[in-house]
>>> print(open('run-v1.cif').read())   # mmCIF, C-alpha atoms (C1' of nucleotides)
data_model
#
loop_
_atom_site.label_atom_id
_atom_site.label_comp_id
_atom_site.auth_asym_id
_atom_site.auth_seq_id
_atom_site.Cartn_x
_atom_site.Cartn_y
_atom_site.Cartn_z
CA MET A 1 -18.22 14.97 -17.60
CA THR A 2 -21.09 17.32 -17.84
CA SER A 3 -19.74 20.19 -15.84
CA THR A 4 -17.37 21.03 -13.00
CA ASP A 5 -17.36 17.71 -11.22
CA ALA A 6 -13.81 18.44 -10.19
CA THR A 7 -14.79 18.86 -6.53
CA PRO A 8 -12.38 16.74 -4.50
CA PRO A 9 -13.90 14.47 -1.88
CA LEU A 10 -12.65 16.60 0.97
CA PRO A 11 -14.91 16.51 4.02
CA PRO A 12 -16.15 19.85 5.41
CA LEU A 13 -13.96 20.25 8.49
CA ARG A 14 -15.60 21.89 11.44
CA PRO A 15 -14.31 24.64 13.69
CA THR A 16 -14.62 22.99 17.04
CA ARG A 17 -13.34 24.18 20.38
CA GLN A 18 -10.66 21.48 20.36
CA ARG A 19 -9.52 22.26 16.88
CA ARG A 20 -9.19 25.93 17.70
CA ALA A 21 -7.37 25.15 20.91
CA VAL A 22 -4.76 23.06 19.10
CA VAL A 23 -4.22 25.67 16.43
CA GLU A 24 -3.82 28.36 19.06
CA ALA A 25 -1.43 26.21 21.01
CA MET A 26 0.63 25.69 17.88
CA ALA A 27 0.78 29.43 17.46
CA SER A 28 2.20 29.85 20.94
CA PHE A 29 5.62 28.37 20.26
CA ALA A 30 8.05 28.34 17.38
CA ASP A 31 10.03 25.17 17.89
CA PHE A 32 9.20 21.54 17.41
CA ARG A 33 7.08 19.80 20.05
CA SER A 34 5.76 16.30 20.39
CA ALA A 35 2.08 15.54 20.33
CA GLN A 36 2.22 14.66 23.99
CA GLU A 37 3.91 17.92 24.89
CA ILE A 38 1.28 19.81 22.98
CA HIS A 39 -1.38 17.87 24.78
CA GLU A 40 0.16 18.84 28.10
CA LEU A 41 0.44 22.45 27.05
CA LEU A 42 -3.28 22.43 26.31
CA GLY A 43 -3.96 21.03 29.73
CA GLU A 44 -1.96 23.78 31.41
CA ARG A 45 -3.87 26.33 29.40
CA GLY A 46 -7.07 24.96 30.80
CA GLU A 47 -8.18 23.64 27.44
CA GLN A 48 -9.18 20.06 28.01
CA VAL A 49 -8.57 18.12 24.79
CA GLY A 50 -8.28 14.36 24.45
CA LEU A 51 -4.90 13.01 23.46
CA ALA A 52 -6.33 11.13 20.50
CA THR A 53 -7.91 14.33 19.29
CA VAL A 54 -4.61 16.12 19.52
CA TYR A 55 -3.04 13.43 17.37
CA ARG A 56 -5.88 13.55 14.87
CA THR A 57 -5.84 17.32 14.64
CA LEU A 58 -2.10 17.46 14.24
CA GLN A 59 -2.36 14.98 11.40
CA ARG A 60 -5.00 17.02 9.67
CA LEU A 61 -2.91 20.12 10.02
CA ALA A 62 0.10 18.31 8.68
CA ASP A 63 -1.86 16.98 5.70
CA ALA A 64 -3.11 20.46 5.05
CA GLY A 65 0.42 21.75 5.17
CA GLU A 66 -0.32 23.93 8.17
CA VAL A 67 2.37 22.34 10.28
CA ASP A 68 5.72 20.71 9.68
CA VAL A 69 6.41 17.24 10.97
CA LEU A 70 9.78 15.83 11.82
CA ARG A 71 11.02 12.72 13.55
CA THR A 72 13.38 12.74 16.49
CA GLU A 73 16.19 10.25 16.31
CA ASP A 74 14.19 7.89 18.45
CA GLY A 75 11.20 8.00 16.17
CA GLU A 76 8.91 10.40 17.96
CA ALA A 77 6.94 12.76 15.75
CA ILE A 78 7.40 16.44 16.48
CA TYR A 79 5.36 19.32 15.12
CA ARG A 80 5.77 23.01 14.60
CA ARG A 81 3.63 25.64 12.99
CA CYS A 82 4.56 26.05 9.36
CA SER A 83 6.50 28.40 9.20
CA ASP A 84 7.87 31.80 8.93
CA SER A 85 11.20 30.74 7.62
CA HIS A 86 11.87 27.28 6.42
CA HIS A 87 15.09 26.11 7.97
CA HIS A 88 17.03 22.98 8.84
CA HIS A 89 18.88 21.69 11.84
CA LEU A 90 22.53 21.22 12.51
CA VAL A 91 22.62 18.83 15.41
CA CYS A 92 25.52 17.78 17.61
CA ARG A 93 25.73 14.01 17.71
CA SER A 94 27.25 14.14 21.16
CA CYS A 95 25.45 16.78 23.20
CA GLY A 96 22.46 17.49 21.00
CA ALA A 97 23.18 21.20 20.63
CA THR A 98 21.13 22.45 17.70
CA VAL A 99 21.67 25.30 15.32
CA GLU A 100 18.98 26.34 12.89
CA VAL A 101 20.33 26.94 9.43
CA GLU A 102 18.79 27.90 6.16
CA GLY A 103 19.75 28.83 2.68
CA PRO A 104 18.44 28.96 -0.82
CA THR A 105 20.97 26.44 -2.07
CA VAL A 106 19.21 23.36 -0.88
CA GLU A 107 15.79 24.73 -1.66
CA ARG A 108 16.81 25.31 -5.23
CA TRP A 109 18.55 22.02 -5.62
CA THR A 110 15.67 19.97 -4.30
CA SER A 111 13.18 21.82 -6.48
CA ALA A 112 15.33 21.29 -9.52
CA ILE A 113 15.85 17.61 -8.88
CA ALA A 114 12.17 17.07 -8.21
CA ALA A 115 11.13 18.92 -11.34
CA GLU A 116 13.63 16.94 -13.32
CA HIS A 117 11.85 13.78 -12.29
CA GLY A 118 8.40 15.21 -12.78
CA TYR A 119 7.56 15.45 -9.10
CA ALA A 120 5.20 18.21 -7.98
CA ASP A 121 4.30 19.80 -4.64
CA VAL A 122 7.80 19.35 -3.41
CA SER A 123 8.90 19.59 0.17
CA HIS A 124 11.92 18.25 1.92
CA ALA A 125 13.52 17.45 5.22
CA LEU A 126 17.21 17.89 5.88
CA GLU A 127 19.14 17.23 9.04
CA ILE A 128 22.85 17.76 9.40
CA PHE A 129 24.77 15.89 12.07
CA GLY A 130 28.23 16.57 13.40
CA THR A 131 30.30 17.15 16.49
CA CYS A 132 30.01 20.65 17.86
CA PRO A 133 33.00 22.76 18.90
CA ARG A 134 32.48 22.13 22.59
CA CYS A 135 32.44 18.36 22.19
CA ARG A 136 35.51 18.03 20.01
CA MET B 137 47.08 12.53 35.08
CA THR B 138 50.16 10.46 35.24
CA SER B 139 50.21 9.08 31.73
CA THR B 140 47.98 8.05 28.81
CA ASP B 141 44.76 7.47 30.68
CA ALA B 142 42.87 8.65 27.61
CA THR B 143 41.45 5.19 26.89
CA PRO B 144 37.72 5.62 26.37
CA PRO B 145 35.45 3.21 28.22
CA LEU B 146 34.56 1.25 25.09
CA PRO B 147 33.75 -2.40 25.75
CA PRO B 148 35.68 -5.03 23.72
CA LEU B 149 33.09 -6.18 21.16
CA ARG B 150 33.15 -9.83 20.23
CA PRO B 151 32.89 -11.46 16.82
CA THR B 152 29.98 -13.78 17.38
CA ARG B 153 28.08 -15.85 14.87
CA GLN B 154 25.09 -13.52 15.15
CA ARG B 155 27.13 -10.40 14.72
CA ARG B 156 28.76 -11.80 11.61
CA ALA B 157 25.41 -12.90 10.25
CA VAL B 158 23.94 -9.43 10.58
CA VAL B 159 26.93 -7.80 8.95
CA GLU B 160 26.78 -10.25 6.07
CA ALA B 161 23.08 -9.69 5.69
CA MET B 162 23.65 -5.97 5.53
CA ALA B 163 26.15 -6.56 2.76
CA SER B 164 23.58 -8.44 0.73
CA PHE B 165 21.39 -5.48 -0.17
CA ALA B 166 21.93 -1.84 -1.01
CA ASP B 167 18.68 -0.16 -0.04
CA PHE B 168 17.16 0.69 3.30
CA ARG B 169 15.52 -2.11 5.28
CA SER B 170 13.79 -2.21 8.63
CA ALA B 171 15.17 -4.22 11.52
CA GLN B 172 12.29 -6.62 11.18
CA GLU B 173 12.94 -7.15 7.50
CA ILE B 174 16.57 -7.81 8.22
CA HIS B 175 15.58 -10.25 10.89
CA GLU B 176 13.38 -12.08 8.39
CA LEU B 177 16.13 -12.09 5.82
CA LEU B 178 18.40 -13.76 8.35
CA GLY B 179 15.76 -16.39 8.98
CA GLU B 180 15.46 -17.17 5.28
CA ARG B 181 19.21 -17.49 5.07
CA GLY B 182 19.08 -20.12 7.78
CA GLU B 183 20.88 -17.90 10.26
CA GLN B 184 18.81 -17.98 13.40
CA VAL B 185 19.27 -14.66 15.23
CA GLY B 186 17.01 -13.25 17.89
CA LEU B 187 15.12 -10.10 17.02
CA ALA B 188 16.47 -8.25 20.04
CA THR B 189 19.97 -9.14 18.95
CA VAL B 190 19.31 -7.79 15.50
CA TYR B 191 18.20 -4.52 17.03
CA ARG B 192 21.19 -4.40 19.33
CA THR B 193 23.65 -5.19 16.58
CA LEU B 194 22.14 -2.68 14.22
CA GLN B 195 22.48 -0.04 16.90
CA ARG B 196 26.08 -0.87 17.48
CA LEU B 197 26.78 -0.71 13.77
CA ALA B 198 25.01 2.60 13.54
CA ASP B 199 26.97 4.01 16.47
CA ALA B 200 30.15 2.81 14.83
CA GLY B 201 29.13 4.51 11.63
CA GLU B 202 29.01 1.22 9.77
CA VAL B 203 25.41 1.68 8.72
CA ASP B 204 23.13 4.59 7.96
CA VAL B 205 19.86 4.96 9.79
CA LEU B 206 16.81 6.74 8.53
CA ARG B 207 13.21 7.04 9.65
CA THR B 208 10.24 6.29 7.47
CA GLU B 209 7.42 8.77 7.63
CA ASP B 210 5.66 6.59 10.13
CA GLY B 211 8.61 6.44 12.45
CA GLU B 212 10.12 3.06 11.64
CA ALA B 213 13.90 2.92 11.64
CA ILE B 214 15.49 1.66 8.45
CA TYR B 215 19.09 0.68 7.90
CA ARG B 216 21.50 0.33 5.05
CA ARG B 217 25.16 -0.46 4.81
CA CYS B 218 27.19 2.70 4.71
CA SER B 219 27.73 3.24 1.68
CA ASP B 220 29.32 3.17 -1.70
CA SER B 221 27.61 6.18 -3.11
CA HIS B 222 25.91 8.53 -0.78
CA HIS B 223 22.55 9.50 -2.19
CA HIS B 224 19.15 10.79 -1.17
CA HIS B 225 15.57 9.84 -1.83
CA LEU B 226 12.87 11.53 -3.81
CA VAL B 227 9.71 9.96 -2.52
CA CYS B 228 6.17 10.17 -3.86
CA ARG B 229 3.82 11.20 -1.09
CA SER B 230 0.98 9.36 -2.73
CA CYS B 231 2.28 6.05 -4.06
CA GLY B 232 5.65 5.88 -2.40
CA ALA B 233 7.62 5.61 -5.65
CA THR B 234 11.22 6.38 -4.85
CA VAL B 235 14.01 7.77 -6.95
CA GLU B 236 17.55 7.85 -5.69
CA VAL B 237 19.24 11.12 -6.34
CA GLU B 238 22.64 12.51 -5.57
CA GLY B 239 24.74 15.50 -6.26
CA PRO B 240 27.64 17.47 -4.94
CA THR B 241 25.53 20.55 -4.30
CA VAL B 242 24.02 19.45 -1.05
CA GLU B 243 27.15 17.74 0.10
CA ARG B 244 29.08 20.94 -0.34
CA TRP B 245 26.48 23.11 1.24
CA THR B 246 26.10 20.97 4.34
CA SER B 247 29.86 20.74 4.78
CA ALA B 248 30.21 24.48 4.44
CA ILE B 249 27.42 25.24 6.89
CA ALA B 250 28.76 22.76 9.40
CA ALA B 251 32.29 24.10 9.15
CA GLU B 252 30.97 27.61 9.54
CA HIS B 253 29.52 26.62 12.89
CA GLY B 254 32.55 24.64 13.94
CA TYR B 255 30.94 21.24 13.62
CA ALA B 256 33.14 18.28 12.70
CA ASP B 257 32.53 14.75 11.41
CA VAL B 258 29.59 15.93 9.42
CA SER B 259 26.95 13.73 7.93
CA HIS B 260 23.43 14.45 6.83
CA ALA B 261 20.09 13.03 5.89
CA LEU B 262 17.91 14.53 3.20
CA GLU B 263 14.57 13.35 1.96
CA ILE B 264 12.58 15.03 -0.74
CA PHE B 265 8.84 14.56 -0.94
CA GLY B 266 6.50 15.30 -3.81
CA THR B 267 3.83 13.92 -6.06
CA CYS B 268 5.17 11.77 -8.85
CA PRO B 269 4.07 12.12 -12.49
CA ARG B 270 1.78 9.09 -12.34
CA CYS B 271 -0.10 10.38 -9.32
CA ARG B 272 -0.70 13.91 -10.53
"C1'" DG C 273 -36.30 22.22 16.72
"C1'" DA C 274 -35.09 17.80 14.08
"C1'" DC C 275 -31.69 15.51 11.12
"C1'" DA C 276 -27.47 13.95 9.04
"C1'" DT C 277 -22.65 14.04 9.72
"C1'" DG C 278 -18.33 15.28 11.24
"C1'" DT C 279 -16.04 15.05 16.00
"C1'" DT C 280 -14.71 13.77 20.44
"C1'" DG C 281 -13.04 11.06 24.32
"C1'" DA C 282 -12.05 7.02 27.00
"C1'" DC C 283 -9.93 3.03 26.45
"C1'" DA C 284 -8.51 -0.98 23.96
"C1'" DA C 285 -5.40 -2.54 20.47
"C1'" DT C 286 -1.08 -2.20 17.62
"C1'" DC C 287 3.47 -2.30 16.82
"C1'" DA C 288 8.22 -1.13 16.88
"C1'" DT C 289 11.69 -1.05 20.11
"C1'" DT C 290 13.82 -1.83 24.65
"C1'" DC C 291 14.44 -4.25 28.99
"C1'" DT C 292 15.23 -8.33 32.02
"C1'" DC C 293 17.75 -12.10 33.35
"C1'" DA C 294 19.25 -16.71 33.22
"C1'" DA C 295 21.89 -19.59 30.05
"C1'" DA C 296 25.58 -19.80 26.50
"C1'" DT C 297 30.03 -18.33 24.95
"C1'" DA C 298 34.25 -15.65 24.04
"C1'" DA C 299 38.68 -14.19 25.80
"C1'" DC C 300 42.08 -14.93 29.33
"C1'" DC C 301 44.92 -16.89 32.74
"C1'" DT C 302 47.63 -20.91 34.61
"C1'" DA D 303 42.91 -28.46 29.20
"C1'" DG D 304 40.38 -26.48 33.21
"C1'" DG D 305 38.67 -22.52 35.56
"C1'" DT D 306 37.23 -17.63 35.71
"C1'" DT D 307 35.06 -13.58 34.22
"C1'" DA D 308 32.87 -10.22 31.28
"C1'" DT D 309 29.92 -10.24 27.03
"C1'" DT D 310 26.36 -11.67 24.42
"C1'" DT D 311 22.19 -13.95 23.42
"C1'" DG D 312 17.30 -15.23 23.32
"C1'" DA D 313 12.55 -15.45 24.97
"C1'" DG D 314 9.35 -13.09 26.60
"C1'" DA D 315 7.70 -9.18 29.36
"C1'" DA D 316 7.43 -4.26 29.40
"C1'" DT D 317 7.27 0.33 27.35
"C1'" DG D 318 5.54 3.98 24.89
"C1'" DA D 319 3.91 6.36 20.97
"C1'" DT D 320 0.29 6.15 17.85
"C1'" DT D 321 -4.08 4.42 15.95
"C1'" DG D 322 -8.63 2.13 16.07
"C1'" DT D 323 -13.37 1.57 18.12
"C1'" DC D 324 -17.68 3.20 19.15
"C1'" DA D 325 -21.15 5.47 21.75
"C1'" DA D 326 -22.14 10.26 23.18
"C1'" DC D 327 -21.91 14.99 21.26
"C1'" DA D 328 -21.69 19.20 18.65
"C1'" DT D 329 -22.48 21.74 14.09
"C1'" DG D 330 -24.61 23.35 9.96
"C1'" DT D 331 -28.76 23.02 7.53
"C1'" DC D 332 -33.61 23.05 6.53
#
>>> encode(input="run-v1.cif", output="structure tokens")
Amino acid sequence: MTSTDATPPLPPLRPTRQRRAVVEAMASFADFRSAQEIHELLGERGEQVGLATVYRTLQRLADAGEVDVLRTEDGEAIYRRCSDSHHHHLVCRSCGATVEVEGPTVERWTSAIAAEHGYADVSHALEIFGTCPRCR
Amino acid sequence: MTSTDATPPLPPLRPTRQRRAVVEAMASFADFRSAQEIHELLGERGEQVGLATVYRTLQRLADAGEVDVLRTEDGEAIYRRCSDSHHHHLVCRSCGATVEVEGPTVERWTSAIAAEHGYADVSHALEIFGTCPRCR
DNA sequence: GACATGTTGACAATCATTCTCAAATAACCT
DNA sequence: AGGTTATTTGAGAATGATTGTCAACATGTC
């Protein structure tokens, strides 16, 4: 421990055309999209990027906290740029109608609970399900 | 609209050996397990049930609100009997250590939000992620 | 420019989950 | 009981998202 050997083993990360394209694509919408949808979007934009690369890049971005990841009810991963306002989803079990909700309550509670147990770098995912007015 | 033709098209549902076996298996543990794990468990118990049947039954139970379904971060569906005490999970991003937490705060907030938007039969899923003390 | 690495893409490989369909079995009716 | 019909089951094929493989490529550096 001679000096500042605290450098984490993080690889350099290069600004490639593909990487840029994915980031730009992510900037072009505000909702959650699947990797495949994003891949398509890139195609339409004329940016040819391999599907595997899209997956890899999305993962990197997620690890880096640049994007949020969620799972649809059937297990598909969906991504969104992270994020102006952190919010949650109120989803209708019957018709799928979604309302975005947010509030400091949950944020505070989760932080408190996590701190209480000594957890750091806290994040959370909350989904609320119910039957919407139109489906009652 | 002559009379009470309000009967929904729900099929009968039969109490088969397999169905019973799955329900019993679900009663035998309190945490979340994957369909495959449950299938194994059944095998160990000497109850031979096809994997597809396990999936089908689990789905039925979930639809009926008999079990809770969640998704692991890698998209696997996990099930648990629904449920003595409703609680959430505080999961370590690094080592996976899990703490079960609960509290009226979130319950209240979600109910309030849902009501506010006219949603009924509310339920929710909340997962908190962070880095646990041992992994810091 | 030449080199050492991080990256990419095409395609194969995984893996959970769903589908298919003939055989087994409840529930019913007589 | 015997016969009839709608469900359910199981084995294996099929699907579909995601990840792994590996040779060809692109970047940053000297």
>>> resolve_selection(input="run-v1.cif", expression="the PyMOL selection byres ((chain B) within 9 of (chain C))", output="ChimeraX atom specification")
/B:150-152,172,188,191,211-213
>>> atom_distance(input="run-v1.cif", atom1="atom C1' of D:DC327", atom2="atom CA of A:Tyr79")
28.3 Å
>>> resolve_selection(input="run-v1.cif", expression="the PyMOL selection byres ((chain D) within 9 of (chain A))", output="JSON, numbers by chain")
{"D": [319, 320, 321, 328, 329]}
>>> atom_distance(input="run-v1.cif", atom1="atom CA of A:Pro133", atom2="atom CA of B:Arg207")
26.9 Å
>>> atom_distance(input="run-v1.cif", atom1="atom CA of B:Arg270", atom2="atom CA of A:Ala114")
13.7 Å
>>> interface_residues(input="run-v1.cif", of="chain A", to="chain B", cutoff="8 Å", atoms="only C-alpha atoms", output="ChimeraX atom specification")
/A:71,73,75-77,90,92,101,105-106,109-110,113-114,117-133,136
>>> residues_around(input="run-v1.cif", residues="stretch 193-201 of chain B", least_positions_apart="2", cutoff="10 Å", atoms="only C-alpha atoms (C1' of nucleotides)", output="number ranges by chain")
B: 149, 154-156, 158-159, 162, 171, 174, 187-191, 203-205, 214-218
>>> resolve_selection(input="run-v1.cif", expression="the PyMOL selection byres ((chain D and resi 312) around 6)", output="PyMOL selection string")
(chain B and resi 186) or (chain D and resi 311+313)
>>> write_last_selection(input="run-v1.cif", atoms="C-alpha atoms (C1' of nucleotides)", output="compact mmCIF listing (two decimals), keeping the file's coordinate frame")
# COMPACT_ATOMS: atom_id res chain seq x y z
CA GLY B 186 17.01 -13.25 17.89
C1' DT D 311 22.19 -13.95 23.42
C1' DA D 313 12.55 -15.45 24.97
>>> residues_around(input="run-v1.cif", residues="B:Gln184", least_positions_apart="6", cutoff="9 Å", atoms="all atoms listed in the file", output="list in words")
Gln154, Ala157, His175 and Leu178 of chain B
